[in-house]
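So this block is coords.cif, mmCIF, C-alpha atoms:
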data_final
loop_
_atom_site.group_PDB
_atom_site.id
_atom_site.type_symbol
_atom_site.label_atom_id
_atom_site.label_comp_id
_atom_site.auth_asym_id
_atom_site.auth_seq_id
_atom_site.Cartn_x
_atom_site.Cartn_y
_atom_site.Cartn_z
ATOM 1 C CA MET A 14 -16.659 -29.309 -15.527
ATOM 2 C CA TYR A 15 -18.766 -27.567 -12.868
ATOM 3 C CA ILE A 16 -15.935 -25.932 -10.927
ATOM 4 C CA GLU A 17 -14.675 -24.084 -14.000
ATOM 5 C CA TYR A 18 -18.059 -22.392 -14.393
ATOM 6 C CA GLU A 19 -18.180 -21.503 -10.716
ATOM 7 C CA GLN A 20 -14.674 -20.075 -10.811
ATOM 8 C CA ALA A 21 -15.410 -18.048 -13.969
ATOM 9 C CA SER A 22 -18.565 -16.697 -12.351
ATOM 10 C CA LEU A 23 -16.666 -15.573 -9.246
ATOM 11 C CA ILE A 24 -13.963 -13.885 -11.302
ATOM 12 C CA LYS A 25 -16.649 -12.073 -13.283
ATOM 13 C CA LEU A 26 -18.291 -10.867 -10.046
ATOM 14 C CA TYR A 27 -14.957 -9.674 -8.624
ATOM 15 C CA LYS A 28 -14.023 -7.822 -11.806
ATOM 16 C CA SER A 29 -17.472 -6.282 -12.099
ATOM 17 C CA LYS A 30 -17.252 -4.945 -8.538
ATOM 18 C CA MET A 31 -13.805 -3.483 -9.124
ATOM 19 C CA GLU A 32 -14.970 -1.823 -12.351
ATOM 20 C CA GLU A 33 -17.948 -0.364 -10.462
ATOM 21 C CA LEU A 34 -15.632 1.091 -7.821
ATOM 22 C CA LEU A 35 -13.285 2.550 -10.416
ATOM 23 C CA SER A 36 -16.232 4.014 -12.293
ATOM 24 C CA GLU A 37 -17.467 5.671 -9.089
ATOM 25 C CA SER A 38 -14.024 7.147 -8.635
ATOM 26 C CA GLN A 39 -14.071 8.729 -12.064
ATOM 27 C CA LEU A 40 -17.580 10.113 -11.537
ATOM 28 C CA SER A 41 -16.800 11.627 -8.148
ATOM 29 C CA GLY A 42 -13.605 13.204 -9.428
ATOM 30 C CA GLU A 43 -10.044 12.442 -8.550
ATOM 31 C CA SER A 44 -9.792 15.296 -6.032
ATOM 32 C CA THR A 45 -10.662 13.127 -3.029
ATOM 33 C CA GLY A 46 -8.006 10.488 -3.720
ATOM 34 C CA SER A 47 -10.338 7.617 -2.883
ATOM 35 C CA ILE A 48 -13.039 5.615 -4.552
ATOM 36 C CA GLY A 49 -16.581 4.994 -3.402
ATOM 37 C CA ARG A 50 -16.328 5.616 0.312
ATOM 38 C CA SER A 51 -20.103 5.619 0.523
ATOM 39 C CA LYS A 52 -20.116 1.974 -0.528
ATOM 40 C CA GLY A 53 -17.184 1.021 1.679
ATOM 41 C CA ALA A 54 -14.670 0.762 -1.116
ATOM 42 C CA SER A 55 -11.875 3.068 -0.031
ATOM 43 C CA ILE A 56 -9.537 2.384 -2.920
ATOM 44 C CA SER A 57 -6.637 4.751 -2.753
ATOM 45 C CA SER A 58 -5.613 6.048 -6.165
ATOM 46 C CA SER A 59 -1.957 5.371 -5.436
ATOM 47 C CA HIS A 60 -2.159 1.976 -3.716
ATOM 48 C CA GLN A 61 -5.562 0.685 -4.863
ATOM 49 C CA GLN A 62 -6.384 -0.993 -1.575
ATOM 50 C CA ILE A 63 -9.891 -2.330 -1.154
ATOM 51 C CA SER A 64 -11.707 -1.982 2.127
ATOM 52 C CA VAL A 65 -12.883 -4.614 4.551
ATOM 53 C CA THR A 66 -16.443 -4.074 3.302
ATOM 54 C CA VAL A 67 -15.540 -5.043 -0.256
ATOM 55 C CA VAL A 68 -13.440 -8.010 0.861
ATOM 56 C CA THR A 69 -16.352 -9.136 3.050
ATOM 57 C CA GLU A 70 -18.593 -9.057 -0.014
ATOM 58 C CA PHE A 71 -16.026 -11.144 -1.932
ATOM 59 C CA VAL A 72 -15.918 -13.638 0.953
ATOM 60 C CA ARG A 73 -19.736 -13.856 0.982
ATOM 61 C CA TRP A 74 -19.742 -14.640 -2.749
ATOM 62 C CA ASN A 75 -17.089 -17.275 -2.134
ATOM 63 C CA GLU A 76 -19.114 -18.756 0.715
ATOM 64 C CA GLU A 77 -22.139 -19.067 -1.572
ATOM 65 C CA ALA A 78 -19.978 -20.730 -4.241
ATOM 66 C CA ILE A 79 -18.646 -23.221 -1.683
ATOM 67 C CA SER A 80 -22.204 -24.023 -0.576
ATOM 68 C CA ARG A 81 -23.105 -24.844 -4.176
ATOM 69 C CA CYS A 82 -19.867 -26.765 -4.520
ATOM 70 C CA THR A 83 -20.767 -28.912 -1.511
ATOM 71 C CA LEU A 84 -24.067 -29.831 -3.138
ATOM 72 C CA LEU A 85 -22.605 -30.455 -6.586
ATOM 73 C CA SER A 86 -19.408 -32.310 -5.631
ATOM 74 C CA PRO A 87 -20.574 -35.626 -4.164
ATOM 75 C CA GLN A 88 -17.126 -37.237 -3.864
ATOM 76 C CA PRO A 89 -14.971 -36.050 -0.940
ATOM 77 C CA GLY A 90 -11.805 -35.906 -3.055
ATOM 78 C CA ASN A 91 -13.490 -33.728 -5.655
ATOM 79 C CA LEU A 92 -15.042 -31.543 -2.977
ATOM 80 C CA ALA A 93 -11.692 -30.800 -1.348
ATOM 81 C CA THR A 94 -10.085 -29.967 -4.696
ATOM 82 C CA ASN A 95 -13.007 -27.786 -5.751
ATOM 83 C CA VAL A 96 -13.119 -25.871 -2.450
ATOM 84 C CA LYS A 97 -9.380 -25.275 -2.723
ATOM 85 C CA THR A 98 -9.877 -23.935 -6.263
ATOM 86 C CA LEU A 99 -12.570 -21.512 -5.100
ATOM 87 C CA PHE A 100 -10.558 -20.373 -2.090
ATOM 88 C CA THR A 101 -7.494 -19.803 -4.285
ATOM 89 C CA CYS A 102 -9.676 -17.738 -6.619
ATOM 90 C CA LEU A 103 -10.725 -15.551 -3.680
ATOM 91 C CA LEU A 104 -7.125 -15.101 -2.523
ATOM 92 C CA ASP A 105 -6.017 -14.182 -6.031
ATOM 93 C CA GLN A 106 -8.679 -11.469 -6.303
ATOM 94 C CA VAL A 107 -8.050 -9.992 -2.868
ATOM 95 C CA SER A 108 -4.290 -9.954 -3.403
ATOM 96 C CA GLN A 109 -4.662 -7.946 -6.619
#

As structure tokens, what does this structure read like?
Amino acid sequence: MYIEYEQASLIKLYKSKMEELLSESQLSGESTGSIGRSKGASISSSHQQISVTVVTEFVRWNEEAISRCTLLSPQPGNLATNVKTLFTCLLDQVSQ
């Protein structure tokens, strides 16, 4: 089913971005207490909060996925279900 591939792709993108930010943190040293400020990450080592910049990137990826979903889900019932699945995926990633 198409939506499963789209959802898996989004999750892979989200995880890849988070790994990149954590990797930057380890390279820059733990002395600053934050991760990747230059790329807008601002993940605090104690709370692991992601910045608006990173969330905006996640939302852009989700927007692109929904655009594809609109093209590939011809039936309105399927479209609504698929968009909900993608939006839930975004919320799950941001809430972690």

Can you tell me which residues surround Ile79 (chain A) at a distance of at most 9 Å, considering only C-alpha atoms, apart from same-chain residues fewer than 6 positions away, and format the answer as a list of chain:residue names?
A:Asn95, A:Val96, A:Leu99, A:Phe100

May I have the selected residues written with C-alpha atoms, as a compact mmCIF listing (two decimals), in the frame of the given file?
# COMPACT_ATOMS: atom_id res chain seq x y z
CA ASN A 95 -13.01 -27.79 -5.75
CA VAL A 96 -13.12 -25.87 -2.45
CA LEU A 99 -12.57 -21.51 -5.10
CA PHE A 100 -10.56 -20.37 -2.09

In Å, rounded to a single decimal, give me how far CA of Lys97 (chain A) is from CA of Leu85 (chain A).
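Going from CA of Leu85 (chain A) over to CA of Lys97 (chain A), I get 14.7 Å.
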
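Taking CA of Gln88 (chain A) as the reference point, CA of Glu17 (chain A) is found at 16.8 Å.
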
Polymer residues at most 12 Å from (-17.1, -24.7, -12.8) by all atoms listed in the file, as a PDB file with C-alpha atoms, in the coordinates of the input:
ATOM      1  CA  MET A  14     -16.659 -29.309 -15.527  1.00  0.00           C
ATOM      2  CA  TYR A  15     -18.766 -27.567 -12.868  1.00  0.00           C
ATOM      3  CA  ILE A  16     -15.935 -25.932 -10.927  1.00  0.00           C
ATOM      4  CA  GLU A  17     -14.675 -24.084 -14.000  1.00  0.00           C
ATOM      5  CA  TYR A  18     -18.059 -22.392 -14.393  1.00  0.00           C
ATOM      6  CA  GLU A  19     -18.180 -21.503 -10.716  1.00  0.00           C
ATOM      7  CA  GLN A  20     -14.674 -20.075 -10.811  1.00  0.00           C
ATOM      8  CA  ALA A  21     -15.410 -18.048 -13.969  1.00  0.00           C
ATOM      9  CA  SER A  22     -18.565 -16.697 -12.351  1.00  0.00           C
ATOM     10  CA  LEU A  23     -16.666 -15.573  -9.246  1.00  0.00           C
ATOM     11  CA  ILE A  24     -13.963 -13.885 -11.302  1.00  0.00           C
ATOM     12  CA  ALA A  78     -19.978 -20.730  -4.241  1.00  0.00           C
ATOM     13  CA  ILE A  79     -18.646 -23.221  -1.683  1.00  0.00           C
ATOM     14  CA  ARG A  81     -23.105 -24.844  -4.176  1.00  0.00           C
ATOM     15  CA  CYS A  82     -19.867 -26.765  -4.520  1.00  0.00           C
ATOM     16  CA  LEU A  85     -22.605 -30.455  -6.586  1.00  0.00           C
ATOM     17  CA  SER A  86     -19.408 -32.310  -5.631  1.00  0.00           C
ATOM     18  CA  THR A  94     -10.085 -29.967  -4.696  1.00  0.00           C
ATOM     19  CA  ASN A  95     -13.007 -27.786  -5.751  1.00  0.00           C
ATOM     20  CA  VAL A  96     -13.119 -25.871  -2.450  1.00  0.00           C
ATOM     21  CA  THR A  98      -9.877 -23.935  -6.263  1.00  0.00           C
ATOM     22  CA  LEU A  99     -12.570 -21.512  -5.100  1.00  0.00           C
ATOM     23  CA  CYS A 102      -9.676 -17.738  -6.619  1.00  0.00           C
TER      24      CYS A 102
END

As an exercise, work out the distance from CA of Ser108 (chain A) to CA of Leu34 (chain A) in Å and give it to one decimal place.
16.4 Å

Pick from A:Ser38, A:Pro87, A:Leu104, A:Lys30, whichever lies nearest to Thr66 (chain A) using only C-alpha atoms:
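The shortest atom-to-atom distance to Thr66 (chain A) comes from A:Lys30.
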
On this file, the PyMOL selection byres ((chain A and resi 70-73) around 9) gives some set of residues; write that set as a ChimeraX atom specification.
/A:23,26-27,65-69,74-78,103,106-107
